[in-house]
$ cat input-v9.cif   # mmCIF, C-alpha atoms and all ligand atoms
data_coords
loop_
_atom_site.label_atom_id
_atom_site.label_comp_id
_atom_site.auth_asym_id
_atom_site.auth_seq_id
_atom_site.Cartn_x
_atom_site.Cartn_y
_atom_site.Cartn_z
CA MET A 23 131.19 47.95 71.53
CA SER A 24 133.54 50.64 70.09
CA ASP A 25 132.36 54.13 69.17
CA VAL A 26 132.50 53.20 65.48
CA ASN A 27 130.38 50.05 65.87
CA ALA A 28 127.88 51.79 68.13
CA ILE A 29 127.45 54.67 65.66
CA ASP A 30 127.10 52.19 62.78
CA ALA A 31 124.39 50.34 64.68
CA VAL A 32 122.44 53.54 65.46
CA VAL A 33 122.72 54.86 61.89
CA ASP A 34 121.62 51.49 60.46
CA ALA A 35 118.66 51.40 62.86
CA VAL A 36 117.52 54.92 61.91
CA ALA A 37 117.96 54.21 58.17
CA SER A 38 116.05 50.93 58.32
CA THR A 39 113.27 52.60 60.33
CA ALA A 40 112.93 55.52 57.87
CA PRO A 41 110.84 53.61 55.25
CA ASP A 42 108.51 52.40 58.02
CA ILE A 43 108.09 55.96 59.31
CA ARG A 44 107.47 57.20 55.78
CA ASP A 45 104.96 54.44 54.98
CA GLY A 46 103.23 55.07 58.30
CA LEU A 47 102.48 58.72 57.50
CA VAL A 48 99.44 57.78 55.46
CA GLY A 49 96.48 57.66 57.81
CA ARG A 50 98.37 59.31 60.69
CA ARG A 51 97.61 62.94 59.84
CA VAL A 52 95.21 63.20 62.78
CA TYR A 53 96.00 64.85 66.09
CA GLU A 54 96.22 62.78 69.28
CA SER A 55 94.43 64.07 72.35
CA GLY A 56 97.64 64.86 74.31
CA ALA A 57 100.53 67.27 73.83
CA ASN A 58 104.29 66.75 73.84
CA PRO A 59 106.43 67.99 76.78
CA SER A 60 106.82 71.38 75.02
CA GLY A 61 103.02 71.77 74.99
CA GLU A 62 102.68 71.19 71.23
CA ARG A 63 99.88 69.06 69.79
CA GLN A 64 101.05 65.61 68.68
CA LEU A 65 100.03 63.90 65.49
CA ALA A 66 99.52 60.15 65.42
CA ALA A 67 102.58 60.12 63.11
CA ASP A 68 104.77 61.80 65.79
CA VAL A 69 103.84 59.14 68.32
CA TYR A 70 104.26 56.29 65.83
CA ALA A 71 107.74 57.46 64.73
CA ASP A 72 108.80 57.93 68.34
CA GLU A 73 107.67 54.44 69.38
CA LEU A 74 109.40 52.79 66.41
CA LEU A 75 112.69 54.60 67.14
CA GLU A 76 112.54 53.82 70.85
CA GLU A 77 112.03 50.11 70.17
CA ARG A 78 114.72 49.82 67.45
CA LEU A 79 117.37 51.97 69.16
CA LEU A 80 117.06 50.34 72.58
CA GLU A 81 117.52 46.93 70.91
CA ILE A 82 121.16 47.98 70.36
CA ASP A 83 123.28 46.67 73.27
CA SER A 84 125.41 49.79 73.64
CA VAL A 85 122.52 52.27 73.66
CA ALA A 86 121.98 53.28 77.29
CA GLY A 87 119.27 55.85 76.83
CA TYR A 88 116.72 57.20 74.39
CA ALA A 89 115.36 60.73 74.69
CA SER A 90 112.88 62.31 72.33
CA GLU A 91 111.00 65.52 71.78
CA GLU A 92 107.82 63.48 72.15
CA ARG A 93 108.43 62.09 75.65
CA GLU A 94 108.93 63.64 79.06
CA SER A 95 112.06 61.80 80.26
CA VAL A 96 114.92 59.60 79.08
CA VAL A 97 114.14 55.89 78.63
CA ARG A 98 117.13 54.14 80.20
CA ASP A 99 118.81 50.82 79.54
CA GLU A 100 122.31 49.34 80.02
CA GLY A 101 125.08 50.65 77.74
CA SER A 102 127.50 53.49 77.02
CA TYR A 103 125.80 55.77 74.46
CA CYS A 104 122.63 57.83 74.43
CA VAL A 105 120.50 58.87 71.47
CA ALA A 106 118.36 62.03 71.37
CA ALA A 107 115.85 62.28 68.54
CA ASP A 108 113.19 64.47 67.06
CA PRO A 109 111.22 61.63 65.46
CA LEU A 110 109.28 63.89 63.03
CA ASP A 111 110.66 67.41 62.79
CA GLY A 112 108.23 69.74 61.05
CA SER A 113 105.32 67.32 61.44
CA SER A 114 102.76 70.12 61.12
CA ASN A 115 103.76 69.95 57.43
CA LEU A 116 101.97 66.60 57.23
CA LYS A 117 98.60 68.36 56.91
CA SER A 118 99.78 70.27 53.80
CA ASN A 119 101.84 67.28 52.54
CA ASN A 120 105.17 69.09 52.63
CA THR A 121 108.67 68.02 53.67
CA MET A 122 109.59 66.86 57.16
CA GLY A 123 112.24 64.62 58.68
CA THR A 124 113.83 62.67 61.52
CA LEU A 125 116.76 64.14 63.46
CA PHE A 126 119.10 62.26 65.78
CA GLY A 127 122.31 62.68 67.76
CA VAL A 128 124.54 60.04 69.42
CA TYR A 129 126.15 61.15 72.70
CA ASP A 130 128.85 59.56 74.86
CA GLU A 131 127.22 61.09 77.95
CA SER A 132 123.90 60.82 79.75
CA LEU A 133 121.25 63.32 78.68
CA PRO A 134 120.87 66.26 78.68
CA ALA A 135 124.48 66.82 77.59
CA SER A 136 126.60 69.44 75.86
CA GLY A 137 126.81 69.42 72.07
CA GLU A 138 130.51 68.72 72.57
CA ASN A 139 129.55 65.18 73.66
CA LEU A 140 128.08 64.39 70.25
CA LEU A 141 129.84 61.56 68.44
CA ALA A 142 127.63 61.65 65.37
CA SER A 143 124.42 63.24 64.20
CA GLY A 144 122.14 63.04 61.23
CA PHE A 145 118.76 63.55 59.69
CA VAL A 146 116.45 61.74 57.35
CA LEU A 147 114.53 63.95 54.94
CA TYR A 148 111.15 62.69 53.71
CA GLY A 149 111.20 64.74 50.53
CA PRO A 150 110.42 63.55 47.00
CA ILE A 151 113.36 61.20 47.72
CA THR A 152 114.18 59.80 51.17
CA THR A 153 117.73 60.89 52.01
CA MET A 154 120.01 60.75 55.03
CA VAL A 155 122.59 63.42 55.85
CA LEU A 156 125.13 62.17 58.38
CA ALA A 157 127.95 63.93 60.23
CA ARG A 158 130.60 61.70 61.76
CA GLY A 159 134.38 61.66 61.94
CA GLY A 160 134.66 65.21 60.59
CA THR A 161 132.76 64.49 57.37
CA VAL A 162 129.19 64.95 56.19
CA THR A 163 127.77 62.47 53.68
CA GLU A 164 124.44 62.36 51.91
CA SER A 165 122.83 59.01 51.06
CA VAL A 166 119.63 57.91 49.41
CA ILE A 167 117.59 55.46 51.51
CA ASP A 168 115.82 52.74 49.52
CA ALA A 169 112.52 51.10 50.40
CA ASP A 170 114.34 48.28 52.22
CA GLY A 171 116.32 50.75 54.38
CA SER A 172 119.62 50.25 52.52
CA ARG A 173 121.75 53.35 51.84
CA THR A 174 123.63 54.51 48.75
CA VAL A 175 126.03 57.40 49.22
CA VAL A 176 125.35 60.17 46.69
CA THR A 177 127.58 62.92 48.13
CA GLU A 178 130.85 61.80 49.75
CA GLU A 179 131.84 65.09 51.31
CA LEU A 180 129.03 67.54 51.62
CA THR A 181 130.16 71.13 52.20
CA LEU A 182 128.31 74.44 52.11
CA PRO A 183 128.80 76.25 48.80
CA ASP A 184 131.08 79.32 48.83
CA GLU A 185 128.42 81.62 47.38
CA PRO A 186 125.43 81.82 49.79
CA THR A 187 122.01 82.09 48.11
CA VAL A 188 119.05 81.44 50.45
CA TYR A 189 117.64 82.46 53.83
CA GLY A 190 114.69 81.52 56.03
CA PHE A 191 113.68 82.88 59.45
CA GLY A 192 110.88 81.68 61.73
CA GLY A 193 108.57 83.51 64.12
CA ARG A 194 106.06 86.30 63.46
CA VAL A 195 107.77 89.50 62.32
CA PRO A 196 106.11 91.77 64.96
CA GLN A 197 107.62 89.48 67.61
CA TRP A 198 111.18 89.94 66.33
CA HIS A 199 113.52 92.17 68.34
CA ASP A 200 114.61 95.39 66.58
CA GLU A 201 118.29 94.35 66.17
CA PHE A 202 117.25 91.08 64.55
CA ALA A 203 114.72 92.81 62.26
CA ALA A 204 117.45 95.21 61.11
CA TYR A 205 119.78 92.30 60.35
CA VAL A 206 117.03 90.53 58.35
CA GLU A 207 116.51 93.68 56.29
CA GLU A 208 120.14 93.46 55.15
CA VAL A 209 119.91 89.73 54.45
CA GLU A 210 116.72 90.17 52.41
CA SER A 211 118.52 92.45 50.01
CA GLU A 212 121.28 89.86 49.44
CA LEU A 213 119.65 86.39 49.48
CA LYS A 214 116.45 84.66 48.30
CA LEU A 215 113.72 83.62 50.76
CA ARG A 216 113.18 79.89 51.34
CA TYR A 217 110.90 79.00 54.27
CA GLY A 218 108.94 75.78 54.28
CA GLY A 219 108.03 75.41 57.97
CA ALA A 220 110.16 72.34 58.74
CA MET A 221 113.59 73.12 60.13
CA ILE A 222 115.13 70.08 58.48
CA GLY A 223 113.83 70.98 55.04
CA ASP A 224 114.86 74.61 55.42
CA VAL A 225 118.34 73.74 56.70
CA ASN A 226 118.77 71.28 53.85
CA GLN A 227 118.21 74.20 51.45
CA VAL A 228 121.00 76.05 53.25
CA LEU A 229 123.28 73.00 53.05
CA THR A 230 122.56 72.76 49.34
CA TYR A 231 122.65 76.43 48.31
CA GLY A 232 124.45 78.22 51.18
CA GLY A 233 122.93 80.99 53.27
CA ILE A 234 121.29 81.08 56.68
CA PHE A 235 118.35 79.54 58.55
CA GLY A 236 117.22 80.83 61.93
CA TYR A 237 114.47 80.72 64.51
CA PRO A 238 115.21 83.70 66.77
CA GLY A 239 114.28 84.55 70.34
CA LEU A 240 110.95 86.43 70.22
CA ARG A 241 109.44 89.23 72.32
CA ASP A 242 106.91 86.81 73.80
CA HIS A 243 109.21 83.73 73.73
CA PRO A 244 112.79 84.87 74.52
CA ASP A 245 114.23 81.40 73.79
CA GLY A 246 112.37 80.98 70.51
CA LYS A 247 110.70 77.70 69.59
CA LEU A 248 113.31 75.07 68.79
CA ARG A 249 114.89 72.71 71.32
CA SER A 250 118.59 72.74 72.14
CA LEU A 251 119.07 68.97 72.47
CA PHE A 252 116.73 67.61 69.83
CA GLU A 253 117.14 70.25 67.11
CA GLY A 254 119.97 72.62 68.03
CA HIS A 255 122.79 70.17 68.68
CA PRO A 256 122.39 67.76 65.77
CA ILE A 257 121.74 70.45 63.16
CA ALA A 258 124.64 72.58 64.46
CA HIS A 259 126.94 69.55 64.36
CA ILE A 260 125.98 68.78 60.77
CA VAL A 261 126.30 72.37 59.53
CA GLU A 262 129.59 73.01 61.36
CA THR A 263 131.04 69.73 60.07
CA ALA A 264 130.01 70.81 56.55
CA GLY A 265 132.12 73.96 56.93
CA GLY A 266 129.38 76.29 58.14
CA ALA A 267 128.66 77.79 61.54
CA SER A 268 125.96 77.75 64.23
CA SER A 269 124.91 80.15 66.95
CA ASN A 270 122.38 80.79 69.69
CA GLY A 271 122.93 84.48 68.95
CA ARG A 272 126.12 84.64 71.01
CA ARG A 273 128.11 81.42 70.52
CA SER A 274 128.14 78.03 68.83
CA LEU A 275 125.13 75.88 69.71
CA LEU A 276 127.53 72.99 70.26
CA THR A 277 129.05 74.70 73.31
CA VAL A 278 125.64 74.87 75.01
CA ALA A 279 124.86 72.30 77.72
CA PRO A 280 121.11 72.52 78.41
CA ASP A 281 120.03 72.03 82.03
CA ARG A 282 116.69 70.59 80.96
CA LEU A 283 115.87 67.96 78.34
CA HIS A 284 113.32 70.13 76.53
CA GLU A 285 115.10 73.48 76.91
CA ARG A 286 114.51 75.86 73.99
CA THR A 287 117.10 78.03 72.27
CA PRO A 288 117.32 80.70 69.58
CA LEU A 289 118.88 78.78 66.68
CA PHE A 290 120.91 80.00 63.68
CA VAL A 291 122.92 77.87 61.24
CA GLY A 292 124.52 78.52 57.89
CA SER A 293 127.39 80.14 56.06
CA GLU A 294 130.03 81.50 58.44
CA GLU A 295 129.87 85.05 57.11
CA TYR A 296 126.14 85.31 57.85
CA ILE A 297 126.45 83.79 61.33
CA ASN A 298 129.32 86.18 62.18
CA ARG A 299 127.28 89.17 61.01
CA LEU A 300 124.26 87.92 62.99
CA GLU A 301 126.28 87.67 66.22
CA ALA A 302 127.67 91.18 65.62
CA ALA A 303 124.12 92.52 65.01
CA LEU A 304 122.70 90.95 68.20
CA LYS A 305 125.49 92.20 70.50
P1 LIG B 1 106.81 71.67 63.82
O1 LIG B 1 106.18 72.56 64.84
O2 LIG B 1 105.93 71.41 62.62
O3 LIG B 1 107.37 70.37 64.40
O4 LIG B 1 110.08 71.49 65.44
C1 LIG B 1 109.40 72.66 65.37
C2 LIG B 1 109.08 73.13 63.96
O5 LIG B 1 108.10 72.43 63.25
C3 LIG B 1 110.34 73.23 63.06
O6 LIG B 1 110.61 72.10 62.32
C4 LIG B 1 110.01 74.41 62.19
O7 LIG B 1 111.15 75.06 61.68
C5 LIG B 1 109.22 75.31 63.10
O8 LIG B 1 108.63 74.46 64.10
C6 LIG B 1 108.14 76.05 62.37
O9 LIG B 1 107.56 76.95 63.19
P2 LIG B 1 106.55 78.09 62.65
O10 LIG B 1 105.26 77.37 62.39
O11 LIG B 1 106.47 79.05 63.79
O12 LIG B 1 107.13 78.66 61.40
#
$ encode --input "input-v9.cif" --output "structure tokens"
Amino acid sequence: MSDVNAIDAVVDAVASTAPDIRDGLVGRRVYESGANPSGERQLAADVYADELLEERLLEIDSVAGYASEERESVVRDEGSYCVAADPLDGSSNLKSNNTMGTLFGVYDESLPASGENLLASGFVLYGPITTMVLARGGTVTESVIDADGSRTVVTEELTLPDEPTVYGFGGRVPQWHDEFAAYVEEVESELKLRYGGAMIGDVNQVLTYGGIFGYPGLRDHPDGKLRSLFEGHPIAHIVETAGGASSNGRRSLLTVAPDRLHERTPLFVGSEEYINRLEAALK
């Protein structure tokens, strides 16, 4: 199978699974007894979304591996491409009935891999409307996903607006390092706060209005909270393809090759000007 056909098959599988994940949220707001490999409590909805994606993605002949934030190791099969997914990013928002989503990246390399091995990446947003934002072939598109999993493109070439408007930063303020806190003070005087507690929802605000989203390294957690492979790579790929920039505080998240599947990273994405100023501030 060619790259194009393999990517098509993965994107179709994620899109057709999205309505099932969405419908399955009702009644799955309860916590399971276990934790994910990062030590976070899992909701029944996290496990359900992960199992559906594993089953549907490994049905595709060319998919050789499936890795997810919700499972310890890569599930392997025959084939040439690997998919890494965060089945329900921001799932703690399920309790308060706020936005969350599904993130995925298609790699031409076994996992964990560098962001430079990404062929395509995307996310589904379970907002008032179910949408998919997809980066492939140098373009980002936004589609609406209908109840039967079919897609209708609503934005052909999504790019960050020239005039940045919003910002959102995670982590408790007393845990921020001084240089980062000083940078945020500047940003606060220029942009409006938007922080909803699901990276996907918050980054989609940045894609829509321009600005910056970040989850920094903290005093008690130097690598922050978010994962390089499951969150960092796909979101960096989407934002960079849309004309923005990404950083781990020093360089593009796409140039990072994590040694471990569940490795965490400070994560910043958004308008280039704000990412450049952030890197200068953290030097
Ligand atoms: P969640 O724990 O709900 O899955 O993936 C981690 C994540 O959400 C991100 O989506 C979100 O940006 C971040 O954690 C929120 O963390 P805080 O609760 O520390 O703000």
$ residues_near_point --input "input-v9.cif" --point "(124.0, 88.6, 52.1)" --cutoff "8 Å" --atoms "all atoms listed in the file" --output "ChimeraX atom specification"
/A:186-187,208-213,233,296
$ atom_distance --input "input-v9.cif" --atom1 "CA of Lys214 in chain A" --atom2 "CA of Glu164 in chain A"
24.0 Å
$ closest_residue --input "input-v9.cif" --among "A:Gly144, A:Gly219, A:Pro288, A:Gly266" --to "Arg249 in chain A" --atoms "only C-alpha atoms"
A:Pro288
$ closest_residue --input "input-v9.cif" --among "A:Ala67, A:Glu207, A:Ala220, A:Tyr148" --to "Gly192 in chain A" --atoms "all atoms listed in the file"
A:Ala220
$ closest_residue --input "input-v9.cif" --among "A:Glu301, A:Glu81, A:Asp68, A:Glu201" --to "ligand LIG 1 (chain B)" --atoms "all atoms listed in the file"
A:Asp68
$ closest_atom_pairs --input "input-v9.cif" --of "range 103-186 of chain A" --to "range 35-58 of chain A" --cutoff "7 Å" --atoms "only C-alpha atoms" --output "tab-separated table"
residue	atom	partner	partner_atom	distance
A:Leu116	CA	A:Arg51	CA	6.3
A:Lys117	CA	A:Arg51	CA	6.2
A:Tyr148	CA	A:Arg44	CA	6.9
A:Ile167	CA	A:Ala37	CA	6.8
A:Ala169	CA	A:Pro41	CA	5.7
A:Asp170	CA	A:Ser38	CA	6.9
A:Gly171	CA	A:Ser38	CA	4.0
A:Ser172	CA	A:Ser38	CA	6.8
$ atom_distance --input "input-v9.cif" --atom1 "CA of Ser118 in chain A" --atom2 "atom O7 of ligand LIG 1 (chain B)"
14.6 Å
$ closest_residue --input "input-v9.cif" --among "A:Gly127, A:Gly160, A:Pro109, A:Pro183" --to "ligand LIG 1 (chain B)" --atoms "only C-alpha atoms and all ligand atoms"
A:Pro109
$ residues_near_ligand --input "input-v9.cif" --ligand "ligand LIG 1 (chain B)" --cutoff "7 Å" --atoms "all atoms listed in the file" --output "JSON, numbers by chain"
{"A": [110, 111, 112, 113, 114, 115, 192, 193, 219, 220, 221, 222, 247, 248]}
$ closest_residue --input "input-v9.cif" --among "A:Met122, A:Gly61, A:Asn139, A:Leu180" --to "Glu94 in chain A" --atoms "all atoms listed in the file"
A:Gly61
$ residues_near_point --input "input-v9.cif" --point "(126.7, 53.2, 68.1)" --cutoff "10 Å" --atoms "all atoms listed in the file" --output "PDB file with C-alpha atoms, keeping the file's coordinate frame"
ATOM      1  CA  MET A  23     131.190  47.950  71.530  1.00  0.00           C
ATOM      2  CA  SER A  24     133.540  50.640  70.090  1.00  0.00           C
ATOM      3  CA  ASP A  25     132.360  54.130  69.170  1.00  0.00           C
ATOM      4  CA  VAL A  26     132.500  53.200  65.480  1.00  0.00           C
ATOM      5  CA  ASN A  27     130.380  50.050  65.870  1.00  0.00           C
ATOM      6  CA  ALA A  28     127.880  51.790  68.130  1.00  0.00           C
ATOM      7  CA  ILE A  29     127.450  54.670  65.660  1.00  0.00           C
ATOM      8  CA  ASP A  30     127.100  52.190  62.780  1.00  0.00           C
ATOM      9  CA  ALA A  31     124.390  50.340  64.680  1.00  0.00           C
ATOM     10  CA  VAL A  32     122.440  53.540  65.460  1.00  0.00           C
ATOM     11  CA  VAL A  33     122.720  54.860  61.890  1.00  0.00           C
ATOM     12  CA  ASP A  34     121.620  51.490  60.460  1.00  0.00           C
ATOM     13  CA  ALA A  35     118.660  51.400  62.860  1.00  0.00           C
ATOM     14  CA  LEU A  79     117.370  51.970  69.160  1.00  0.00           C
ATOM     15  CA  ILE A  82     121.160  47.980  70.360  1.00  0.00           C
ATOM     16  CA  ASP A  83     123.280  46.670  73.270  1.00  0.00           C
ATOM     17  CA  SER A  84     125.410  49.790  73.640  1.00  0.00           C
ATOM     18  CA  VAL A  85     122.520  52.270  73.660  1.00  0.00           C
ATOM     19  CA  SER A 102     127.500  53.490  77.020  1.00  0.00           C
ATOM     20  CA  TYR A 103     125.800  55.770  74.460  1.00  0.00           C
ATOM     21  CA  CYS A 104     122.630  57.830  74.430  1.00  0.00           C
ATOM     22  CA  VAL A 105     120.500  58.870  71.470  1.00  0.00           C
ATOM     23  CA  VAL A 128     124.540  60.040  69.420  1.00  0.00           C
ATOM     24  CA  TYR A 129     126.150  61.150  72.700  1.00  0.00           C
ATOM     25  CA  ASP A 130     128.850  59.560  74.860  1.00  0.00           C
ATOM     26  CA  LEU A 141     129.840  61.560  68.440  1.00  0.00           C
ATOM     27  CA  ALA A 142     127.630  61.650  65.370  1.00  0.00           C
TER      28      ALA A 142
END
$ atom_distance --input "input-v9.cif" --atom1 "CA of Arg194 in chain A" --atom2 "CA of Leu240 in chain A"
8.3 Å
$ closest_residue --input "input-v9.cif" --among "A:Ile260, A:Val291, A:Leu251, A:Val206" --to "Ala279 in chain A" --atoms "only C-alpha atoms"
A:Leu251
$ residues_around --input "input-v9.cif" --residues "range 223-230 of chain A" --least-positions-apart "3" --cutoff "7 Å" --atoms "only C-alpha atoms" --output "list of chain:residue names"
A:Thr121, A:Met122, A:Leu182, A:Val188, A:Gly190, A:Arg216, A:Tyr217, A:Gly218, A:Ala220, A:Gly233, A:Ile234, A:Phe235, A:Gly292
$ write_last_selection --input "input-v9.cif" --atoms "C-alpha atoms" --output "PDB file, in the frame of the given file"
ATOM      1  CA  THR A 121     108.670  68.020  53.670  1.00  0.00           C
ATOM      2  CA  MET A 122     109.590  66.860  57.160  1.00  0.00           C
ATOM      3  CA  LEU A 182     128.310  74.440  52.110  1.00  0.00           C
ATOM      4  CA  VAL A 188     119.050  81.440  50.450  1.00  0.00           C
ATOM      5  CA  GLY A 190     114.690  81.520  56.030  1.00  0.00           C
ATOM      6  CA  ARG A 216     113.180  79.890  51.340  1.00  0.00           C
ATOM      7  CA  TYR A 217     110.900  79.000  54.270  1.00  0.00           C
ATOM      8  CA  GLY A 218     108.940  75.780  54.280  1.00  0.00           C
ATOM      9  CA  ALA A 220     110.160  72.340  58.740  1.00  0.00           C
ATOM     10  CA  GLY A 233     122.930  80.990  53.270  1.00  0.00           C
ATOM     11  CA  ILE A 234     121.290  81.080  56.680  1.00  0.00           C
ATOM     12  CA  PHE A 235     118.350  79.540  58.550  1.00  0.00           C
ATOM     13  CA  GLY A 292     124.520  78.520  57.890  1.00  0.00           C
TER      14      GLY A 292
END
$ residues_around --input "input-v9.cif" --residues "Glu185 in chain A" --least-positions-apart "4" --cutoff "10 Å" --atoms "only C-alpha atoms" --output "PyMOL selection string"
chain A and resi 231-233+293
$ closest_atom_pairs --input "input-v9.cif" --of "range 227-299 of chain A" --to "range 86-90 of chain A" --cutoff "12 Å" --atoms "only C-alpha atoms" --output "CSV"
residue,atom,partner,partner_atom,distance
A:Arg249,CA,A:Ser90,CA,10.6
A:Ser250,CA,A:Ser90,CA,11.9
A:Leu251,CA,A:Ser90,CA,9.1
A:Phe252,CA,A:Ser90,CA,7.0
A:Glu253,CA,A:Ser90,CA,10.4
A:Arg282,CA,A:Ala89,CA,11.8
A:Leu283,CA,A:Ala89,CA,8.1
A:His284,CA,A:Ser90,CA,8.9
$ build_atoms --input "input-v9.cif" --residues "range 261-274 of chain A" --atoms "N, CA and C atoms" --output "PDB file, in the coordinates of the input"
ATOM      1  N   VAL A 261     125.931  71.165  60.300  1.00  0.00           N
ATOM      2  CA  VAL A 261     126.300  72.370  59.530  1.00  0.00           C
ATOM      3  C   VAL A 261     127.762  72.756  59.817  1.00  0.00           C
ATOM      4  N   GLU A 262     128.190  72.664  61.061  1.00  0.00           N
ATOM      5  CA  GLU A 262     129.590  73.010  61.360  1.00  0.00           C
ATOM      6  C   GLU A 262     130.542  72.007  60.693  1.00  0.00           C
ATOM      7  N   THR A 263     130.172  70.731  60.708  1.00  0.00           N
ATOM      8  CA  THR A 263     131.040  69.730  60.070  1.00  0.00           C
ATOM      9  C   THR A 263     131.099  69.952  58.552  1.00  0.00           C
ATOM     10  N   ALA A 264     130.040  70.521  57.997  1.00  0.00           N
ATOM     11  CA  ALA A 264     130.010  70.810  56.550  1.00  0.00           C
ATOM     12  C   ALA A 264     130.686  72.146  56.225  1.00  0.00           C
ATOM     13  N   GLY A 265     131.366  72.725  57.201  1.00  0.00           N
ATOM     14  CA  GLY A 265     132.120  73.960  56.930  1.00  0.00           C
ATOM     15  C   GLY A 265     131.356  75.233  57.226  1.00  0.00           C
ATOM     16  N   GLY A 266     130.154  75.106  57.771  1.00  0.00           N
ATOM     17  CA  GLY A 266     129.380  76.290  58.140  1.00  0.00           C
ATOM     18  C   GLY A 266     129.524  76.599  59.618  1.00  0.00           C
ATOM     19  N   ALA A 267     128.585  77.381  60.145  1.00  0.00           N
ATOM     20  CA  ALA A 267     128.660  77.790  61.540  1.00  0.00           C
ATOM     21  C   ALA A 267     127.270  77.724  62.164  1.00  0.00           C
ATOM     22  N   SER A 268     127.247  77.737  63.516  1.00  0.00           N
ATOM     23  CA  SER A 268     125.960  77.750  64.230  1.00  0.00           C
ATOM     24  C   SER A 268     126.055  78.757  65.356  1.00  0.00           C
ATOM     25  N   SER A 269     124.895  79.194  65.841  1.00  0.00           N
ATOM     26  CA  SER A 269     124.910  80.150  66.950  1.00  0.00           C
ATOM     27  C   SER A 269     123.564  80.163  67.658  1.00  0.00           C
ATOM     28  N   ASN A 270     123.621  80.500  68.958  1.00  0.00           N
ATOM     29  CA  ASN A 270     122.380  80.790  69.690  1.00  0.00           C
ATOM     30  C   ASN A 270     122.179  82.309  69.753  1.00  0.00           C
ATOM     31  N   GLY A 271     122.960  83.019  68.950  1.00  0.00           N
ATOM     32  CA  GLY A 271     122.930  84.480  68.950  1.00  0.00           C
ATOM     33  C   GLY A 271     124.202  85.052  69.563  1.00  0.00           C
ATOM     34  N   ARG A 272     124.875  84.191  70.360  1.00  0.00           N
ATOM     35  CA  ARG A 272     126.120  84.640  71.010  1.00  0.00           C
ATOM     36  C   ARG A 272     127.292  83.702  70.722  1.00  0.00           C
ATOM     37  N   ARG A 273     127.017  82.383  70.725  1.00  0.00           N
ATOM     38  CA  ARG A 273     128.110  81.420  70.520  1.00  0.00           C
ATOM     39  C   ARG A 273     127.582  80.142  69.879  1.00  0.00           C
ATOM     40  N   SER A 274     128.525  79.278  69.503  1.00  0.00           N
ATOM     41  CA  SER A 274     128.140  78.030  68.830  1.00  0.00           C
ATOM     42  C   SER A 274     127.142  77.238  69.668  1.00  0.00           C
TER      43      SER A 274
END
